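What follows is a single structure, written as structure tokens, with notes after it.
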Amino acid sequence: MIQKLAEIVEMAKTKRQRKIAVAAAADYDVLEALKNAGKNGIVEPILVGIKPKIEKICQEIDYDISKYEIIHEEDKFQASLQAAQLIREGRAEILMKGMVSTGQLLKAVLDKEHGLRKGSILSHVAVFESPYYHKLLGITDAAMNVAPAFEDKISLINNAVELFHLLGEPNPKVAVVGAVETVNQRMESTMHAATLSMMNKRKQITGCIIDGPLALDNAVSKKAALVKNIDSEVAGNVDIIVAPDINGANFLYKALNFLGGAATAAVIMGAKVPIVLTSRADSEKSKFLSISLAAAIG
């Protein structure tokens, strides 16, 4: 299994250069990330958005886009629809969010006639490299599914597990986390966690090892698990954390990025192609790593 995000970049560089369609591309960090990815031979963009703004930013950051296609579209939702259409036509293999809201981009992706849905559910998977953890750590779902029902959590796990399989981990360890590590009938998330864990033991969910409920401390710390007498293959060595809802996942995502010194790459899984979907406040480095992740698994 890949241990560092830099290894994902190297993995992407070994593959043929991919075409990436960028919706509402007039964004400094997005274009810087695309410039970096182009230098590394990872992607070649088709830029959809306000052409004069795109050209102005590229001139300022010394990014030569003369050989790339630019599709002028002022409306951000229409830019998202056009970028998704490029995927459907086979002209691009990765979709990327630019200066457009997540809601608008996903509305285009989920469009019944022109969308890119493949599986039962789309979900966001972020992969972190933290200075305080011994390997890459996946988190789902920090951006899409607000309050996933029990059935949705099965799909969230399957999408995240698929990503880790593509990165070379054949049997990732999954922690379904919450505020406590004990089953409490008044806390629905703990009931979900216990059932998911049992389904995994009964081979109803495969390709991974699931345990839960676990609290965050004993999911990532073997010492914390031992103190609380938790005997688990997952505790202290987790690969994927499944949060109870978008609040928990998003808080953790941003805490790791802005307070914990972690680097991150993130994609949407469950569509016909990988979708690069980062926060508009995320750094150029995060966007570059996310492009690399999408290219590595695409």
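Quick note on naming: the chains in the structure tokens go A, B, ... in the order shown, residues restart at 1 in each chain, and ligands are numbered from 1 in order of appearance.
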
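Excluding Phe150 of chain A and any residue on its chain fewer than 2 positions from it, the residues at most 12 Å away by only C-alpha atoms are Asn145, Ala147, Pro148, Asp152, Lys153, Ile154, Ser155, Leu156, Ile157, Val176, Glu188, Ser189, Thr190, Met191, His192, Ala193, Ala194, Thr195, Leu196, Met199, Val242, Pro244 and Asp245 of chain A.
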
I need the residues from that last selection saved to file as a compact mmCIF listing (two decimals), in the first residue's frame (with C-alpha atoms), if you can.
# COMPACT_ATOMS: atom_id res chain seq x y z
CA ASN A 145 -23.89 13.01 1.91
CA ALA A 147 -26.98 12.59 6.94
CA PRO A 148 -26.36 9.18 5.37
CA ASP A 152 -25.98 4.86 2.32
CA LYS A 153 -23.16 4.06 4.72
CA ILE A 154 -22.71 0.67 3.03
CA SER A 155 -22.18 2.53 -0.26
CA LEU A 156 -19.84 5.04 1.40
CA ILE A 157 -17.72 2.15 2.68
CA VAL A 176 -17.08 3.47 11.79
CA GLU A 188 -28.23 5.79 16.15
CA SER A 189 -24.70 6.06 14.73
CA THR A 190 -23.44 3.45 17.21
CA MET A 191 -26.22 1.07 16.17
CA HIS A 192 -25.28 1.60 12.53
CA ALA A 193 -21.62 0.96 13.33
CA ALA A 194 -22.29 -2.28 15.18
CA THR A 195 -24.50 -3.59 12.37
CA LEU A 196 -21.96 -2.69 9.68
CA MET A 199 -22.30 -7.50 8.26
CA VAL A 242 -16.45 6.58 8.25
CA PRO A 244 -21.59 9.51 11.31
CA ASP A 245 -22.55 12.51 9.16

Within 12 Å of segment 162-166 of chain A, which residues of segment 176-273 of chain A show up? Give each one with its shortest atom-to-atom distance in Å (one decimal) and the two atoms involved, counting only C-alpha atoms, rows by chain then rising residue number, as CSV.
residue,atom,partner,partner_atom,distance
A:Thr206,CA,A:Glu162,CA,10.7
A:Gly207,CA,A:His165,CA,8.4
A:Cys208,CA,A:His165,CA,9.4
A:Asp239,CA,A:Phe164,CA,8.5
A:Ile240,CA,A:Phe164,CA,8.7
A:Ala265,CA,A:Leu163,CA,11.9
A:Ala266,CA,A:Leu163,CA,10.5
A:Val267,CA,A:Leu163,CA,9.3
A:Ile268,CA,A:Leu163,CA,9.9
A:Met269,CA,A:Leu163,CA,7.6
A:Gly270,CA,A:Glu162,CA,9.3

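What separates atom CA of Leu167 of chain A from atom CA of Glu284 of chain A is a distance of 22.3 Å.
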
With a distance cut-off of 8 Å and only C-alpha atoms, select the neighbouring residues of Ala79 of chain A, excluding the residue or stretch itself and same-chain residues fewer than 2 positions from it, and output the selection as an mmCIF file with N, CA, C and O atoms, in the first residue's frame.
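Just written: part.cif:
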data_model
loop_
_atom_site.group_PDB
_atom_site.id
_atom_site.type_symbol
_atom_site.label_atom_id
_atom_site.label_comp_id
_atom_site.auth_asym_id
_atom_site.auth_seq_id
_atom_site.Cartn_x
_atom_site.Cartn_y
_atom_site.Cartn_z
ATOM 1 N N ALA A 23 -14.561 22.699 -14.602
ATOM 2 C CA ALA A 23 -15.747 23.553 -14.601
ATOM 3 C C ALA A 23 -15.476 24.844 -13.844
ATOM 4 O O ALA A 23 -15.005 24.816 -12.710
ATOM 5 N N ALA A 24 -15.778 25.984 -14.484
ATOM 6 C CA ALA A 24 -15.539 27.307 -13.883
ATOM 7 C C ALA A 24 -14.065 27.431 -13.504
ATOM 8 O O ALA A 24 -13.701 27.576 -12.337
ATOM 9 N N VAL A 48 -13.247 25.186 -18.951
ATOM 10 C CA VAL A 48 -14.584 25.717 -19.214
ATOM 11 C C VAL A 48 -14.850 26.841 -18.220
ATOM 12 O O VAL A 48 -14.728 26.648 -17.003
ATOM 13 N N GLY A 49 -15.174 28.015 -18.733
ATOM 14 C CA GLY A 49 -15.426 29.156 -17.852
ATOM 15 C C GLY A 49 -15.281 30.458 -18.591
ATOM 16 O O GLY A 49 -15.377 30.505 -19.824
ATOM 17 N N GLU A 73 -17.802 30.136 -21.106
ATOM 18 C CA GLU A 73 -19.138 30.029 -20.507
ATOM 19 C C GLU A 73 -19.144 30.834 -19.212
ATOM 20 O O GLU A 73 -18.365 30.557 -18.299
ATOM 21 N N GLU A 74 -20.003 31.850 -19.164
ATOM 22 C CA GLU A 74 -20.026 32.738 -18.000
ATOM 23 C C GLU A 74 -20.807 32.165 -16.826
ATOM 24 O O GLU A 74 -20.486 32.440 -15.676
ATOM 25 N N ASP A 75 -21.838 31.384 -17.109
ATOM 26 C CA ASP A 75 -22.677 30.827 -16.046
ATOM 27 C C ASP A 75 -21.997 29.584 -15.447
ATOM 28 O O ASP A 75 -21.613 28.661 -16.172
ATOM 29 N N LYS A 76 -21.863 29.553 -14.129
ATOM 30 C CA LYS A 76 -21.106 28.476 -13.480
ATOM 31 C C LYS A 76 -21.800 27.125 -13.585
ATOM 32 O O LYS A 76 -21.149 26.089 -13.757
ATOM 33 N N PHE A 77 -23.122 27.113 -13.496
ATOM 34 C CA PHE A 77 -23.830 25.843 -13.634
ATOM 35 C C PHE A 77 -23.735 25.314 -15.060
ATOM 36 O O PHE A 77 -23.500 24.118 -15.279
ATOM 37 N N LEU A 81 -22.258 21.791 -16.472
ATOM 38 C CA LEU A 81 -22.933 20.908 -17.408
ATOM 39 C C LEU A 81 -22.051 20.618 -18.623
ATOM 40 O O LEU A 81 -21.968 19.473 -19.085
ATOM 41 N N GLN A 82 -21.391 21.649 -19.127
ATOM 42 C CA GLN A 82 -20.542 21.462 -20.299
ATOM 43 C C GLN A 82 -19.334 20.585 -19.971
ATOM 44 O O GLN A 82 -18.918 19.754 -20.791
ATOM 45 N N ALA A 83 -18.767 20.771 -18.793
ATOM 46 C CA ALA A 83 -17.628 19.935 -18.385
ATOM 47 C C ALA A 83 -18.061 18.475 -18.254
ATOM 48 O O ALA A 83 -17.342 17.561 -18.684
#

Min atom-atom distance to Val22 of chain A from the set A:His124, A:Lys272, A:Lys35, A:Lys97, counting only C-alpha atoms, belongs to A:Lys97

Determine which residues of segment 26-250 of chain A receive a DSSP assignment of helix (DSSP H, G or I), computed from the backbone, and state them as a tab-separated table (two decimals) with N, CA, C and O atoms, in the first residue's frame.
chain	number	residue	atom	x	y	z
A	28	TYR	N	-7.19	30.82	-9.30
A	28	TYR	CA	-5.73	30.84	-9.23
A	28	TYR	C	-5.16	29.48	-8.79
A	28	TYR	O	-4.26	28.93	-9.44
A	29	ASP	N	-5.67	28.94	-7.67
A	29	ASP	CA	-5.11	27.70	-7.15
A	29	ASP	C	-5.37	26.53	-8.09
A	29	ASP	O	-4.51	25.65	-8.26
A	30	VAL	N	-6.55	26.49	-8.70
A	30	VAL	CA	-6.86	25.42	-9.65
A	30	VAL	C	-5.90	25.47	-10.83
A	30	VAL	O	-5.33	24.45	-11.25
A	31	LEU	N	-5.69	26.64	-11.39
A	31	LEU	CA	-4.82	26.78	-12.56
A	31	LEU	C	-3.36	26.53	-12.20
A	31	LEU	O	-2.61	25.95	-13.00
A	32	GLU	N	-2.94	26.94	-11.01
A	32	GLU	CA	-1.58	26.61	-10.55
A	32	GLU	C	-1.41	25.10	-10.42
A	32	GLU	O	-0.37	24.55	-10.80
A	33	ALA	N	-2.44	24.44	-9.88
A	33	ALA	CA	-2.38	23.00	-9.72
A	33	ALA	C	-2.32	22.30	-11.08
A	33	ALA	O	-1.56	21.35	-11.28
A	34	LEU	N	-3.10	22.80	-12.04
A	34	LEU	CA	-3.09	22.23	-13.39
A	34	LEU	C	-1.74	22.47	-14.08
A	34	LEU	O	-1.23	21.58	-14.79
A	35	LYS	N	-1.16	23.63	-13.85
A	35	LYS	CA	0.17	23.92	-14.39
A	35	LYS	C	1.19	22.92	-13.87
A	35	LYS	O	2.00	22.36	-14.64
A	36	ASN	N	1.15	22.67	-12.57
A	36	ASN	CA	2.07	21.72	-11.94
A	36	ASN	C	1.83	20.31	-12.46
A	36	ASN	O	2.78	19.57	-12.79
A	37	ALA	N	0.56	19.93	-12.57
A	37	ALA	CA	0.22	18.60	-13.07
A	37	ALA	C	0.65	18.42	-14.52
A	37	ALA	O	1.09	17.34	-14.93
A	38	GLY	N	0.54	19.49	-15.30
A	38	GLY	CA	0.98	19.44	-16.70
A	38	GLY	C	2.48	19.26	-16.80
A	38	GLY	O	2.98	18.49	-17.64
A	39	LYS	N	3.23	19.98	-15.96
A	39	LYS	CA	4.70	19.85	-15.95
A	39	LYS	C	5.13	18.42	-15.65
A	39	LYS	O	6.16	17.96	-16.14
A	51	LYS	N	-13.51	32.95	-20.36
A	51	LYS	CA	-12.23	32.88	-21.07
A	51	LYS	C	-11.29	34.03	-20.74
A	51	LYS	O	-10.11	33.80	-20.45
A	52	PRO	N	-11.74	35.30	-20.77
A	52	PRO	CA	-10.81	36.40	-20.45
A	52	PRO	C	-10.20	36.28	-19.05
A	52	PRO	O	-9.02	36.57	-18.85
A	53	LYS	N	-11.01	35.83	-18.07
A	53	LYS	CA	-10.50	35.67	-16.70
A	53	LYS	C	-9.48	34.53	-16.63
A	53	LYS	O	-8.45	34.63	-15.97
A	54	ILE	N	-9.79	33.44	-17.32
A	54	ILE	CA	-8.87	32.30	-17.34
A	54	ILE	C	-7.54	32.73	-17.95
A	54	ILE	O	-6.46	32.45	-17.40
A	55	GLU	N	-7.60	33.41	-19.07
A	55	GLU	CA	-6.38	33.86	-19.75
A	55	GLU	C	-5.59	34.85	-18.91
A	55	GLU	O	-4.35	34.80	-18.87
A	56	LYS	N	-6.30	35.74	-18.21
A	56	LYS	CA	-5.62	36.74	-17.36
A	56	LYS	C	-4.87	36.06	-16.22
A	56	LYS	O	-3.70	36.38	-15.94
A	57	ILE	N	-5.53	35.11	-15.55
A	57	ILE	CA	-4.88	34.40	-14.45
A	57	ILE	C	-3.67	33.61	-14.95
A	57	ILE	O	-2.59	33.64	-14.34
A	58	CYS	N	-3.85	32.94	-16.07
A	58	CYS	CA	-2.74	32.14	-16.62
A	58	CYS	C	-1.55	33.00	-17.00
A	58	CYS	O	-0.39	32.60	-16.82
A	59	GLN	N	-1.82	34.20	-17.50
A	59	GLN	CA	-0.73	35.13	-17.82
A	59	GLN	C	0.00	35.54	-16.55
A	59	GLN	O	1.24	35.60	-16.52
A	60	GLU	N	-0.75	35.78	-15.49
A	60	GLU	CA	-0.16	36.21	-14.22
A	60	GLU	C	0.68	35.11	-13.57
A	60	GLU	O	1.67	35.40	-12.89
A	76	LYS	N	-21.86	29.55	-14.13
A	76	LYS	CA	-21.11	28.48	-13.48
A	76	LYS	C	-21.80	27.12	-13.58
A	76	LYS	O	-21.15	26.09	-13.76
A	77	PHE	N	-23.12	27.11	-13.50
A	77	PHE	CA	-23.83	25.84	-13.63
A	77	PHE	C	-23.73	25.31	-15.06
A	77	PHE	O	-23.50	24.12	-15.28
A	78	GLN	N	-23.88	26.21	-16.03
A	78	GLN	CA	-23.75	25.79	-17.42
A	78	GLN	C	-22.32	25.30	-17.70
A	78	GLN	O	-22.13	24.35	-18.48
A	79	ALA	N	-21.34	25.94	-17.06
A	79	ALA	CA	-19.96	25.47	-17.20
A	79	ALA	C	-19.81	24.05	-16.65
A	79	ALA	O	-19.11	23.22	-17.23
A	80	SER	N	-20.51	23.78	-15.55
A	80	SER	CA	-20.47	22.44	-14.96
A	80	SER	C	-21.12	21.42	-15.88
A	80	SER	O	-20.61	20.31	-16.08
A	81	LEU	N	-22.26	21.79	-16.47
A	81	LEU	CA	-22.93	20.91	-17.41
A	81	LEU	C	-22.05	20.62	-18.62
A	81	LEU	O	-21.97	19.47	-19.08
A	82	GLN	N	-21.39	21.65	-19.13
A	82	GLN	CA	-20.54	21.46	-20.30
A	82	GLN	C	-19.33	20.59	-19.97
A	82	GLN	O	-18.92	19.75	-20.79
A	83	ALA	N	-18.77	20.77	-18.79
A	83	ALA	CA	-17.63	19.93	-18.38
A	83	ALA	C	-18.06	18.47	-18.25
A	83	ALA	O	-17.34	17.56	-18.68
A	84	ALA	N	-19.26	18.24	-17.68
A	84	ALA	CA	-19.77	16.88	-17.56
A	84	ALA	C	-20.03	16.28	-18.94
A	84	ALA	O	-19.79	15.08	-19.18
A	85	GLN	N	-20.52	17.11	-19.86
A	85	GLN	CA	-20.79	16.63	-21.22
A	85	GLN	C	-19.49	16.20	-21.92
A	85	GLN	O	-19.49	15.25	-22.70
A	86	LEU	N	-18.40	16.88	-21.65
A	86	LEU	CA	-17.11	16.49	-22.22
A	86	LEU	C	-16.73	15.07	-21.79
A	86	LEU	O	-16.14	14.32	-22.56
A	87	ILE	N	-17.07	14.73	-20.55
A	87	ILE	CA	-16.83	13.37	-20.06
A	87	ILE	C	-17.71	12.38	-20.82
A	87	ILE	O	-17.24	11.35	-21.31
A	88	ARG	N	-19.00	12.71	-20.96
A	88	ARG	CA	-19.94	11.81	-21.64
A	88	ARG	C	-19.54	11.58	-23.10
A	88	ARG	O	-19.76	10.50	-23.65
A	102	THR	N	-20.02	23.37	-4.70
A	102	THR	CA	-20.17	21.91	-4.78
A	102	THR	C	-21.57	21.54	-5.25
A	102	THR	O	-21.75	20.64	-6.07
A	103	GLY	N	-22.57	22.25	-4.74
A	103	GLY	CA	-23.96	21.95	-5.10
A	103	GLY	C	-24.22	22.07	-6.59
A	103	GLY	O	-24.88	21.22	-7.19
A	104	GLN	N	-23.70	23.14	-7.21
A	104	GLN	CA	-23.91	23.34	-8.64
A	104	GLN	C	-23.20	22.26	-9.47
A	104	GLN	O	-23.75	21.74	-10.43
A	105	LEU	N	-21.97	21.94	-9.09
A	105	LEU	CA	-21.24	20.92	-9.83
A	105	LEU	C	-21.95	19.57	-9.72
A	105	LEU	O	-22.13	18.86	-10.72
A	106	LEU	N	-22.37	19.22	-8.51
A	106	LEU	CA	-23.00	17.92	-8.31
A	106	LEU	C	-24.37	17.85	-8.97
A	106	LEU	O	-24.80	16.77	-9.40
A	107	LYS	N	-25.05	18.97	-9.06
A	107	LYS	CA	-26.33	19.00	-9.79
A	107	LYS	C	-26.10	18.60	-11.24
A	107	LYS	O	-26.89	17.86	-11.84
A	108	ALA	N	-25.01	19.06	-11.82
A	108	ALA	CA	-24.67	18.69	-13.20
A	108	ALA	C	-24.27	17.22	-13.28
A	108	ALA	O	-24.67	16.50	-14.20
A	109	VAL	N	-23.50	16.76	-12.32
A	109	VAL	CA	-23.04	15.37	-12.31
A	109	VAL	C	-24.22	14.41	-12.17
A	109	VAL	O	-24.24	13.33	-12.78
A	150	PHE	N	-28.53	4.24	6.89
A	150	PHE	CA	-27.73	3.03	7.06
A	150	PHE	C	-27.31	2.45	5.72
A	150	PHE	O	-26.13	2.12	5.52
A	151	GLU	N	-28.23	2.35	4.77
A	151	GLU	CA	-27.91	1.79	3.45
A	151	GLU	C	-26.87	2.64	2.73
A	151	GLU	O	-26.02	2.13	2.00
A	152	ASP	N	-26.95	3.96	2.93
A	152	ASP	CA	-25.98	4.86	2.32
A	152	ASP	C	-24.57	4.60	2.85
A	152	ASP	O	-23.58	4.69	2.12
A	153	LYS	N	-24.48	4.29	4.13
A	153	LYS	CA	-23.16	4.06	4.72
A	153	LYS	C	-22.49	2.82	4.14
A	153	LYS	O	-21.26	2.77	4.02
A	154	ILE	N	-23.28	1.84	3.73
A	154	ILE	CA	-22.71	0.67	3.03
A	154	ILE	C	-22.05	1.13	1.74
A	154	ILE	O	-20.92	0.73	1.41
A	155	SER	N	-22.74	2.02	1.00
A	155	SER	CA	-22.18	2.53	-0.26
A	155	SER	C	-20.96	3.40	-0.01
A	155	SER	O	-19.98	3.36	-0.76
A	156	LEU	N	-20.99	4.22	1.05
A	156	LEU	CA	-19.84	5.04	1.40
A	156	LEU	C	-18.61	4.16	1.66
A	156	LEU	O	-17.51	4.45	1.19
A	157	ILE	N	-18.82	3.08	2.40
A	157	ILE	CA	-17.72	2.15	2.68
A	157	ILE	C	-17.22	1.52	1.39
A	157	ILE	O	-16.01	1.48	1.13
A	158	ASN	N	-18.14	1.04	0.56
A	158	ASN	CA	-17.73	0.38	-0.69
A	158	ASN	C	-16.95	1.32	-1.60
A	158	ASN	O	-15.95	0.91	-2.22
A	159	ASN	N	-17.37	2.58	-1.69
A	159	ASN	CA	-16.65	3.54	-2.54
A	159	ASN	C	-15.25	3.82	-2.00
A	159	ASN	O	-14.28	3.88	-2.76
A	160	ALA	N	-15.15	4.01	-0.68
A	160	ALA	CA	-13.83	4.27	-0.08
A	160	ALA	C	-12.91	3.05	-0.20
A	160	ALA	O	-11.71	3.18	-0.48
A	161	VAL	N	-13.48	1.88	-0.01
A	161	VAL	CA	-12.70	0.64	-0.13
A	161	VAL	C	-12.21	0.47	-1.57
A	161	VAL	O	-11.06	0.07	-1.80
A	162	GLU	N	-13.06	0.78	-2.55
A	162	GLU	CA	-12.64	0.70	-3.95
A	162	GLU	C	-11.43	1.59	-4.20
A	162	GLU	O	-10.48	1.19	-4.88
A	163	LEU	N	-11.45	2.81	-3.65
A	163	LEU	CA	-10.32	3.72	-3.82
A	163	LEU	C	-9.05	3.12	-3.24
A	163	LEU	O	-7.98	3.13	-3.89
A	164	PHE	N	-9.14	2.55	-2.05
A	164	PHE	CA	-7.94	1.97	-1.43
A	164	PHE	C	-7.46	0.73	-2.17
A	164	PHE	O	-6.25	0.49	-2.26
A	165	HIS	N	-8.38	-0.03	-2.71
A	165	HIS	CA	-7.97	-1.16	-3.56
A	165	HIS	C	-7.15	-0.66	-4.75
A	165	HIS	O	-6.11	-1.24	-5.10
A	166	LEU	N	-7.62	0.42	-5.37
A	166	LEU	CA	-6.93	0.97	-6.53
A	166	LEU	C	-5.55	1.52	-6.17
A	166	LEU	O	-4.66	1.61	-7.02
A	188	GLU	N	-28.00	6.62	17.33
A	188	GLU	CA	-28.23	5.79	16.15
A	188	GLU	C	-26.93	5.42	15.45
A	188	GLU	O	-26.79	4.31	14.92
A	189	SER	N	-25.96	6.33	15.44
A	189	SER	CA	-24.70	6.06	14.73
A	189	SER	C	-23.98	4.85	15.31
A	189	SER	O	-23.32	4.11	14.58
A	190	THR	N	-24.09	4.62	16.62
A	190	THR	CA	-23.44	3.45	17.21
A	190	THR	C	-24.16	2.16	16.80
A	190	THR	O	-23.51	1.12	16.63
A	191	MET	N	-25.47	2.24	16.64
A	191	MET	CA	-26.22	1.07	16.17
A	191	MET	C	-25.84	0.75	14.73
A	191	MET	O	-25.65	-0.42	14.37
A	192	HIS	N	-25.73	1.79	13.90
A	192	HIS	CA	-25.28	1.60	12.53
A	192	HIS	C	-23.91	0.93	12.50
A	192	HIS	O	-23.67	-0.02	11.75
A	193	ALA	N	-23.00	1.46	13.32
A	193	ALA	CA	-21.62	0.96	13.33
A	193	ALA	C	-21.57	-0.52	13.71
A	193	ALA	O	-20.86	-1.31	13.07
A	194	ALA	N	-22.31	-0.89	14.74
A	194	ALA	CA	-22.29	-2.28	15.18
A	194	ALA	C	-22.86	-3.21	14.11
A	194	ALA	O	-22.33	-4.31	13.88
A	195	THR	N	-23.90	-2.76	13.42
A	195	THR	CA	-24.50	-3.59	12.37
A	195	THR	C	-23.57	-3.73	11.17
A	195	THR	O	-23.43	-4.82	10.59
A	196	LEU	N	-22.92	-2.64	10.79
A	196	LEU	CA	-21.96	-2.69	9.68
A	196	LEU	C	-20.81	-3.64	10.00
A	196	LEU	O	-20.35	-4.40	9.14
A	197	SER	N	-20.35	-3.58	11.23
A	197	SER	CA	-19.27	-4.47	11.66
A	197	SER	C	-19.70	-5.93	11.58
A	197	SER	O	-18.97	-6.80	11.09
A	198	MET	N	-20.91	-6.22	12.02
A	198	MET	CA	-21.41	-7.60	11.96
A	198	MET	C	-21.63	-8.05	10.52
A	198	MET	O	-21.35	-9.20	10.17
A	199	MET	N	-22.12	-7.16	9.67
A	199	MET	CA	-22.30	-7.50	8.26
A	199	MET	C	-20.97	-7.87	7.61
A	199	MET	O	-20.90	-8.79	6.78
A	200	ASN	N	-19.92	-7.17	8.01
A	200	ASN	CA	-18.58	-7.49	7.49
A	200	ASN	C	-18.13	-8.87	7.97
A	200	ASN	O	-17.60	-9.67	7.19
A	201	LYS	N	-18.40	-9.19	9.22
A	201	LYS	CA	-18.02	-10.49	9.76
A	201	LYS	C	-18.79	-11.62	9.08
A	201	LYS	O	-18.28	-12.73	8.91
A	216	LEU	N	-12.78	8.30	17.86
A	216	LEU	CA	-11.64	8.67	17.03
A	216	LEU	C	-10.32	8.31	17.67
A	216	LEU	O	-9.40	7.83	17.00
A	217	ASP	N	-10.22	8.50	19.00
A	217	ASP	CA	-8.93	8.24	19.65
A	217	ASP	C	-8.53	6.77	19.53
A	217	ASP	O	-7.39	6.45	19.17
A	218	ASN	N	-9.45	5.85	19.79
A	218	ASN	CA	-9.05	4.45	19.71
A	218	ASN	C	-9.04	3.91	18.28
A	218	ASN	O	-8.51	2.84	18.03
A	219	ALA	N	-9.58	4.67	17.33
A	219	ALA	CA	-9.44	4.29	15.92
A	219	ALA	C	-8.02	4.52	15.44
A	219	ALA	O	-7.47	3.72	14.67
A	220	VAL	N	-7.40	5.62	15.89
A	220	VAL	CA	-6.07	5.99	15.37
A	220	VAL	C	-4.93	5.71	16.35
A	220	VAL	O	-3.77	5.78	15.97
A	222	LYS	N	-3.34	2.99	19.08
A	222	LYS	CA	-3.33	1.67	19.72
A	222	LYS	C	-3.30	1.81	21.24
A	222	LYS	O	-3.94	1.02	21.96
A	223	LYS	N	-2.59	2.82	21.73
A	223	LYS	CA	-2.52	3.04	23.19
A	223	LYS	C	-3.90	3.35	23.74
A	223	LYS	O	-4.30	2.80	24.78
A	224	ALA	N	-4.65	4.24	23.06
A	224	ALA	CA	-5.99	4.58	23.53
A	224	ALA	C	-6.89	3.35	23.52
A	224	ALA	O	-7.73	3.17	24.42
A	225	ALA	N	-6.72	2.49	22.51
A	225	ALA	CA	-7.53	1.27	22.45
A	225	ALA	C	-7.19	0.33	23.61
A	225	ALA	O	-8.09	-0.26	24.23
A	226	LEU	N	-5.90	0.20	23.93
A	226	LEU	CA	-5.49	-0.68	25.03
A	226	LEU	C	-6.01	-0.17	26.37
A	226	LEU	O	-6.46	-0.96	27.21
A	227	VAL	N	-5.95	1.14	26.57
A	227	VAL	CA	-6.44	1.74	27.82
A	227	VAL	C	-7.91	1.41	28.03
A	227	VAL	O	-8.37	1.17	29.15
A	246	ILE	N	-22.05	14.41	7.76
A	246	ILE	CA	-21.16	15.36	7.09
A	246	ILE	C	-20.50	16.32	8.08
A	246	ILE	O	-19.37	16.76	7.85
A	247	ASN	N	-21.18	16.63	9.18
A	247	ASN	CA	-20.59	17.54	10.16
A	247	ASN	C	-19.32	16.95	10.73
A	247	ASN	O	-18.26	17.59	10.76
A	248	GLY	N	-19.40	15.71	11.21
A	248	GLY	CA	-18.22	15.07	11.79
A	248	GLY	C	-17.09	14.94	10.80
A	248	GLY	O	-15.93	15.23	11.12
A	249	ALA	N	-17.40	14.51	9.58
A	249	ALA	CA	-16.36	14.31	8.58
A	249	ALA	C	-15.74	15.63	8.16
A	249	ALA	O	-14.52	15.75	7.99
A	250	ASN	N	-16.57	16.66	7.99
A	250	ASN	CA	-16.06	17.95	7.54
A	250	ASN	C	-15.22	18.63	8.61
A	250	ASN	O	-14.18	19.23	8.31

- [ ] Please run DSSP on the backbone and report, as a VMD selection string, all residues within segment 14-83 of chain A that come out as strand (DSSP E or B).
- [x] chain A and resid 18 to 23 43 to 49 69 to 72

Which residues are near His134 of chain A? Cut-off 12 Å, only C-alpha atoms, ignore same chain within fewer than 6 positions. Put them as JSON, numbers by chain. {"A": [2, 3, 4, 128, 220, 221, 222, 236, 237, 238, 239]}

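Remark: for Met144 of chain A, the closest of the candidate residues A:Ser286, A:Ser130, A:Gln204, A:Ser101 is A:Ser101 (distances computed over only C-alpha atoms).
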